[in-house]
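Asker: What follows is query.txt, made up of compact mmCIF, C-alpha atoms and all ligand atoms:
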# COMPACT_ATOMS: atom_id res chain seq x y z
CA MET U 226 8.02 -22.01 -8.31
CA ILE U 227 10.15 -20.52 -5.56
CA ASP U 228 13.49 -22.33 -5.47
CA GLN U 229 16.99 -21.26 -4.42
CA ALA U 230 17.69 -19.79 -7.86
CA PHE U 231 14.54 -17.65 -7.66
CA ILE U 232 15.43 -16.44 -4.15
CA ALA U 233 18.95 -15.58 -5.35
CA ALA U 234 17.49 -13.59 -8.25
CA VAL U 235 15.20 -11.62 -5.90
CA ARG U 236 18.12 -11.06 -3.50
CA ALA U 237 20.22 -9.69 -6.35
CA ARG U 238 17.53 -7.06 -6.94
CA VAL U 239 16.59 -6.02 -3.41
CA GLY U 240 19.76 -6.86 -1.46
CA ASP U 241 20.11 -8.93 1.74
CA GLU U 242 18.18 -6.37 3.78
CA GLY U 243 15.23 -6.66 1.39
CA ILE U 244 14.75 -10.41 1.89
CA VAL U 245 13.02 -12.29 4.71
CA SER U 246 13.38 -16.06 4.46
CA ASP U 247 14.13 -17.11 8.03
CA PRO U 248 11.21 -19.38 9.10
CA LEU U 249 10.79 -17.58 12.44
CA GLN U 250 10.72 -14.11 10.89
CA LEU U 251 8.31 -15.25 8.20
CA LEU U 252 5.68 -15.90 10.90
CA THR U 253 5.32 -12.10 11.23
CA TYR U 254 3.79 -12.05 7.76
CA GLU U 255 1.48 -15.06 7.91
CA CYS U 256 -1.69 -12.99 8.41
CA ASP U 257 -3.07 -9.46 8.64
CA GLY U 258 -5.63 -8.26 11.20
CA LEU U 259 -7.74 -11.34 10.49
CA PRO U 260 -5.56 -13.76 12.46
CA HIS U 261 -7.65 -16.90 12.19
CA LEU U 262 -6.69 -17.11 8.49
CA LYS U 263 -2.97 -17.82 8.16
CA GLN U 264 -0.54 -18.81 5.46
CA THR U 265 3.19 -18.64 6.02
CA PRO U 266 4.86 -17.24 2.91
CA PRO U 267 7.98 -18.99 1.62
CA LEU U 268 9.52 -15.62 0.84
CA VAL U 269 8.94 -12.00 1.81
CA CYS U 270 10.65 -9.23 -0.07
CA LEU U 271 10.84 -5.63 1.07
CA PRO U 272 11.69 -3.38 -1.88
CA SER U 273 12.92 0.10 -1.12
CA SER U 274 12.28 1.73 -4.51
CA ALA U 275 9.70 1.64 -7.27
CA GLU U 276 12.25 0.12 -9.63
CA GLN U 277 12.82 -2.75 -7.18
CA ILE U 278 9.06 -3.41 -7.05
CA GLN U 279 8.96 -3.57 -10.83
CA GLU U 280 11.93 -5.93 -11.02
CA VAL U 281 10.53 -8.31 -8.40
CA VAL U 282 7.09 -8.34 -10.07
CA ARG U 283 8.71 -8.98 -13.45
CA LEU U 284 10.60 -11.93 -11.95
CA CYS U 285 7.37 -13.34 -10.49
CA HIS U 286 5.69 -12.95 -13.88
CA ARG U 287 8.54 -14.67 -15.71
CA HIS U 288 8.69 -17.59 -13.24
CA ASP U 289 4.92 -17.86 -12.83
CA VAL U 290 5.12 -17.13 -9.08
CA PRO U 291 2.04 -15.52 -7.50
CA PHE U 292 2.49 -12.48 -5.26
CA VAL U 293 0.50 -10.39 -2.80
CA ALA U 294 1.20 -6.78 -1.79
CA ARG U 295 1.25 -5.88 1.89
CA GLY U 296 1.18 -2.43 3.45
CA HIS U 297 1.23 -2.43 7.24
CA GLY U 298 -0.88 -5.57 7.70
CA SER U 299 -3.74 -3.92 9.61
CA GLY U 300 -6.46 -5.04 7.17
CA LEU U 301 -9.36 -6.94 8.67
CA SER U 302 -10.37 -8.87 5.56
CA GLY U 303 -7.36 -11.11 4.89
CA GLY U 304 -6.34 -9.08 1.81
CA ALA U 305 -2.65 -9.14 2.71
CA MET U 306 -2.68 -12.85 3.55
CA PRO U 307 0.07 -14.60 1.55
CA ILE U 308 -0.74 -17.04 -1.24
CA ALA U 309 0.65 -20.55 -0.73
CA GLY U 310 3.88 -20.83 -2.70
CA GLY U 311 3.91 -17.13 -3.52
CA VAL U 312 5.94 -14.05 -2.64
CA LEU U 313 4.71 -11.44 -0.21
CA ILE U 314 5.83 -7.97 -1.32
CA GLY U 315 5.96 -5.74 1.76
CA LEU U 316 5.87 -2.02 0.96
CA ALA U 317 6.56 -0.62 4.43
CA ARG U 318 10.04 0.59 3.50
CA LEU U 319 8.60 2.93 0.87
CA ASN U 320 7.66 5.51 3.46
CA ARG U 321 8.73 8.89 2.11
CA VAL U 322 6.51 11.94 1.62
CA LEU U 323 7.67 13.12 -1.81
CA ASP U 324 5.89 16.44 -2.23
CA VAL U 325 3.61 18.71 -0.22
CA ASP U 326 1.88 21.18 -2.56
CA ILE U 327 -0.28 23.36 -0.33
CA PRO U 328 -1.58 25.83 -2.98
CA ASN U 329 -2.97 22.90 -5.02
CA ARG U 330 -3.91 20.85 -1.94
CA ARG U 331 -1.90 17.86 -3.16
CA VAL U 332 0.44 15.52 -1.35
CA THR U 333 2.46 12.91 -3.22
CA VAL U 334 3.66 10.00 -1.15
CA GLU U 335 5.17 6.57 -1.37
CA PRO U 336 2.64 3.82 -0.55
CA GLY U 337 4.07 2.88 2.86
CA VAL U 338 3.46 6.31 4.41
CA THR U 339 0.95 6.09 7.26
CA ASN U 340 -2.41 7.82 6.96
CA LEU U 341 -1.79 10.04 9.98
CA GLU U 342 1.60 11.17 8.65
CA ILE U 343 -0.20 13.06 5.85
CA THR U 344 -2.13 15.08 8.39
CA ARG U 345 1.07 15.68 10.38
CA GLN U 346 2.74 17.07 7.25
CA VAL U 347 -0.07 19.50 6.33
CA ALA U 348 -1.37 20.44 9.80
CA PRO U 349 1.00 23.43 10.14
CA TYR U 350 -0.76 24.96 7.10
CA GLY U 351 -4.29 24.42 8.50
CA PHE U 352 -5.06 21.27 6.48
CA TYR U 353 -5.72 17.62 7.25
CA TYR U 354 -6.25 14.38 5.33
CA ALA U 355 -9.95 13.60 5.70
CA PRO U 356 -10.26 9.79 5.26
CA ASP U 357 -9.55 8.58 8.77
CA PRO U 358 -9.75 4.84 9.45
CA SER U 359 -9.43 4.16 13.19
CA SER U 360 -6.14 2.47 12.33
CA GLN U 361 -4.75 5.73 10.90
CA GLN U 362 -1.69 5.71 13.14
CA VAL U 363 -0.46 2.47 11.62
CA CYS U 364 -2.18 1.78 8.27
CA SER U 365 -0.51 2.75 5.00
CA ILE U 366 -1.85 4.94 2.21
CA GLY U 367 -1.28 2.03 -0.21
CA GLY U 368 -3.52 -0.17 1.94
CA ASN U 369 -6.08 2.65 2.23
CA VAL U 370 -6.27 2.98 -1.56
CA ALA U 371 -6.56 -0.78 -2.10
CA GLU U 372 -9.29 -1.10 0.55
CA ASN U 373 -10.97 2.30 -0.05
CA SER U 374 -10.71 2.84 3.69
CA GLY U 375 -12.39 5.50 5.74
CA GLY U 376 -13.62 6.52 9.15
CA ALA U 377 -15.94 9.03 10.75
CA HIS U 378 -14.91 11.97 8.52
CA CYS U 379 -15.98 9.97 5.47
CA LEU U 380 -19.67 10.36 6.30
CA LYS U 381 -19.27 14.02 5.38
CA TYR U 382 -16.18 14.20 3.17
CA GLY U 383 -16.16 10.88 1.28
CA PHE U 384 -13.90 7.85 1.30
CA THR U 385 -10.33 7.35 0.09
CA VAL U 386 -11.58 7.10 -3.49
CA HIS U 387 -12.80 10.69 -3.33
CA HIS U 388 -9.37 11.97 -2.29
CA VAL U 389 -7.04 10.11 -4.64
CA LEU U 390 -6.01 12.32 -7.56
CA SER U 391 -3.63 9.92 -9.29
CA VAL U 392 -1.69 6.73 -8.71
CA GLU U 393 1.22 4.97 -10.29
CA ALA U 394 0.79 1.22 -10.12
CA VAL U 395 2.91 -1.74 -11.13
CA LEU U 396 0.89 -4.25 -13.14
CA SER U 397 1.30 -7.99 -12.72
CA ASN U 398 3.75 -8.12 -15.67
CA GLY U 399 5.93 -5.39 -14.14
CA ASP U 400 4.71 -2.55 -16.36
CA LEU U 401 4.12 0.81 -14.70
CA VAL U 402 0.83 2.63 -15.30
CA HIS U 403 -0.14 6.15 -14.32
CA LEU U 404 -3.83 6.62 -13.51
CA ASP U 405 -5.01 10.18 -13.25
CA SER U 406 -8.44 11.47 -12.34
CA SER U 407 -8.25 13.93 -15.23
CA ILE U 408 -7.83 11.19 -17.86
CA ALA U 409 -10.02 8.42 -16.51
CA ASP U 410 -12.59 7.50 -13.96
CA ALA U 411 -9.81 6.83 -11.50
CA SER U 412 -12.21 5.56 -8.87
CA ARG U 413 -12.95 2.51 -10.99
CA SER U 414 -9.58 2.17 -12.67
CA TRP U 415 -7.51 1.78 -9.57
CA MET U 416 -9.93 -0.67 -8.04
CA ALA U 417 -9.29 -2.85 -11.09
CA PHE U 418 -5.59 -2.78 -10.32
CA ARG U 419 -6.01 -3.21 -6.60
CA SER U 420 -3.81 -6.27 -6.32
CA SER U 421 -0.87 -4.52 -7.97
CA PRO U 422 1.66 -2.74 -5.78
CA LEU U 423 0.96 0.96 -5.83
CA LYS U 424 4.02 3.02 -6.30
CA GLN U 425 3.09 6.63 -5.82
CA PRO U 426 -0.34 7.79 -4.69
CA CYS U 427 -1.06 11.53 -4.91
CA ILE U 428 -3.86 12.57 -2.59
CA ARG U 429 -5.96 15.60 -1.78
CA THR U 430 -5.95 17.35 1.59
CA SER U 431 -8.79 19.35 3.15
CA ARG U 432 -8.69 22.68 4.93
CA ARG U 433 -9.53 22.63 8.63
CA ARG U 434 -12.58 24.74 9.41
CA LYS U 435 -12.25 27.16 12.26
CA ARG U 436 -14.81 26.70 15.02
CA SER U 437 -16.74 29.88 15.69
C1 LIG U 501 -7.89 -1.31 15.08
C2 LIG U 501 -8.26 -1.21 13.61
C3 LIG U 501 -9.17 -0.26 13.20
C4 LIG U 501 -9.54 -0.16 11.86
N1 LIG U 501 -10.43 0.80 11.48
C5 LIG U 501 -10.78 0.92 10.20
C6 LIG U 501 -11.72 1.93 9.80
O1 LIG U 501 -12.23 2.71 10.62
N2 LIG U 501 -12.04 2.01 8.51
C7 LIG U 501 -11.50 1.16 7.56
O2 LIG U 501 -11.82 1.30 6.37
N3 LIG U 501 -10.60 0.21 7.91
C8 LIG U 501 -10.23 0.07 9.19
N4 LIG U 501 -9.33 -0.91 9.55
C9 LIG U 501 -8.80 -1.81 8.53
C10 LIG U 501 -7.42 -1.41 7.93
O3 LIG U 501 -6.66 -0.65 8.84
C11 LIG U 501 -7.56 -0.63 6.64
O4 LIG U 501 -8.20 -1.43 5.67
C12 LIG U 501 -6.22 -0.15 6.07
O5 LIG U 501 -6.46 0.59 4.87
C13 LIG U 501 -5.24 -1.25 5.75
O6 LIG U 501 -3.99 -0.65 5.49
P1 LIG U 501 -2.65 -1.51 5.61
O7 LIG U 501 -1.51 -0.66 5.18
O8 LIG U 501 -2.53 -2.10 6.95
O9 LIG U 501 -2.93 -2.60 4.48
P2 LIG U 501 -2.71 -4.18 4.53
O10 LIG U 501 -3.53 -4.80 5.61
O11 LIG U 501 -1.27 -4.49 4.52
O12 LIG U 501 -3.32 -4.57 3.11
C14 LIG U 501 -4.70 -4.38 2.87
C15 LIG U 501 -4.98 -4.67 1.39
O13 LIG U 501 -4.34 -3.68 0.60
C16 LIG U 501 -3.43 -4.29 -0.31
N5 LIG U 501 -2.28 -3.38 -0.36
C17 LIG U 501 -1.58 -2.86 0.70
N6 LIG U 501 -0.64 -2.02 0.26
C18 LIG U 501 -0.73 -2.02 -1.10
C19 LIG U 501 -0.04 -1.35 -2.12
N7 LIG U 501 0.96 -0.50 -1.86
N8 LIG U 501 -0.41 -1.59 -3.41
C20 LIG U 501 -1.42 -2.44 -3.71
N9 LIG U 501 -2.11 -3.10 -2.79
C21 LIG U 501 -1.78 -2.88 -1.49
C22 LIG U 501 -3.12 -5.66 0.26
O14 LIG U 501 -2.77 -6.58 -0.77
C23 LIG U 501 -4.45 -6.02 0.91
O15 LIG U 501 -5.33 -6.52 -0.07
C24 LIG U 501 -8.97 -1.05 10.90
C25 LIG U 501 -8.04 -2.00 11.32
C26 LIG U 501 -7.68 -2.08 12.65
C27 LIG U 501 -6.68 -3.12 13.06
Could you take the file, read its structure, and then write that structure out as structure tokens?
Ligand SMILES: Cc1cc2nc3c(=O)[nH]c(=O)nc-3n(C[C@H](O)[C@H](O)[C@H](O)COP(=O)(O)OP(=O)(O)OC[C@H]3O[C@@H](n4cnc5c(N)ncnc54)[C@H](O)[C@@H]3O)c2cc1C

Answerer:
Amino acid sequence: MIDQAFIAAVRARVGDEGIVSDPLQLLTYECDGLPHLKQTPPLVCLPSSAEQIQEVVRLCHRHDVPFVARGHGSGLSGGAMPIAGGVLIGLARLNRVLDVDIPNRRVTVEPGVTNLEITRQVAPYGFYYAPDPSSQQVCSIGGNVAENSGGAHCLKYGFTVHHVLSVEAVLSNGDLVHLDSSIADASRSWMAFRSSPLKQPCIRTSRRRKRS
């Protein structure tokens, strides 16, 4: 149950700037892009590191508090809708591109990076990130992975699942797992963990073809 002691414990881990508990501000998080389904969360926390995600999830596990991950809230299926009495873990502050490895066509990002930002990062080298939901300017890679999102390019190049090489995910008890396409059928594994906050997706980029 979320009481003042629980909120204080979360605050101790993510700091004042990582907590939203003001009733007016909480309204921002009551739904995603499916606005006729709403649930105001009692508490939103905005971790700014993978360790903070783990600590908050561990707290939820210990106190039997449900949680839902939220990327940028553009989903159309209510996936980021809060659970009554639970914590909403917003991952928008985890928005750094960690590594751009052009020779191996790999980009490693934090989950709150927008889809289009990947293409911006690799465009100078003649590459782009193929899965292209129409919301690509605003939606996060974490949300893309959880929803297996895609747009027009996917008809030819496949969906998000075909471009994810590995992920690190925090399980519901706070443990961190690394899922890698070389050690498992990652396409099925990460779907099984889809409700856990993804820490560090590593994704594949595609080379732009020159028009003749
Ligand atoms: C105008 C518009 C156009 C769209 N066009 C398309 C389209 O062409 N194709 C398409 O597939 N979708 C489309 N969408 C839907 C949506 O943008 C995508 O599903 C997108 O992937 C959601 O990303 P998000 O960051 O907003 O995720 P959210 O809406 O915040 O969350 C979506 C789901 O992912 C989970 N989640 C989010 N981040 C994480 C994380 N880090 N770890 C674990 N779980 C997480 C949430 O719990 C939720 O279940 C569109 C939406 C809009 C508003």

Asker: Report as a PyMOL selection string which protein, DNA and RNA residues come within 6 Å of ligand LIG 501 (chain U), using all atoms listed in the file.

Answerer: chain U and resi 257-258+293-301+304-305+316+336+358-360+364-365+367-369+371-372+374-376+419-423

Asker: If you measure from atom CA of U:Lys381 to atom CA of U:Thr430, what distance in Å do you get, rounded to one decimal?

Answerer: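 Calculated distance between atom CA of U:Lys381 and atom CA of U:Thr430 is 14.2 Å.
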
Asker: Which residue, U:Tyr382, U:Phe352, U:Phe231, U:Phe292, has the smallest gap to U:Gly399 when you use all atoms listed in the file?

Answerer: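 Residue with the minimum atom-to-atom distance to U:Gly399: U:Phe292.
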
Asker: Would you mind reading off the distance between atom CA of U:Glu335 and atom CA of U:Asn320, one decimal, in Å?

Answerer: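 Separation of atom CA of U:Glu335 and atom CA of U:Asn320: 5.5 Å.
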
Asker: I'd like the contact shell of U:Glu280 - 9 Å cut-off, all atoms listed in the file, skipping same-chain residues fewer than 6 positions apart - returned as a PyMOL selection string.

Answerer: chain U and resi 235+238-239+399

Asker: Got a sec: who's within 10 Å of U:Gln277, counting all atoms listed in the file, leaving out chain neighbours fewer than 4 positions off, as a PyMOL selection string?

Answerer: chain U and resi 235+238-240+243+270-273+281-283

Asker: Show me, as a list in words, the residues that have an atom within 9 Å of U:Val245 when counting only C-alpha atoms, minus same-chain residues fewer than 4 positions from it.

Answerer: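 Within the cut-off, the hits are Asp241, Gln250, Leu251, Pro267, Leu268, Val269, Cys270 and Leu271 of chain U.
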
Asker: As an exercise, work out the distance from atom CA of U:Val332 to atom CA of U:Ser302 in Å and give it to one decimal place.

Answerer: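 Computing the Euclidean distance for atom CA of U:Val332 and atom CA of U:Ser302 yields 27.6 Å.
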
Asker: Could you list, as a PyMOL selection string, every residue within 7 Å of stretch 286-289 of chain U, counting all atoms listed in the file and ignoring same-chain residues fewer than 4 positions away?

Answerer: chain U and resi 226+282+397-398
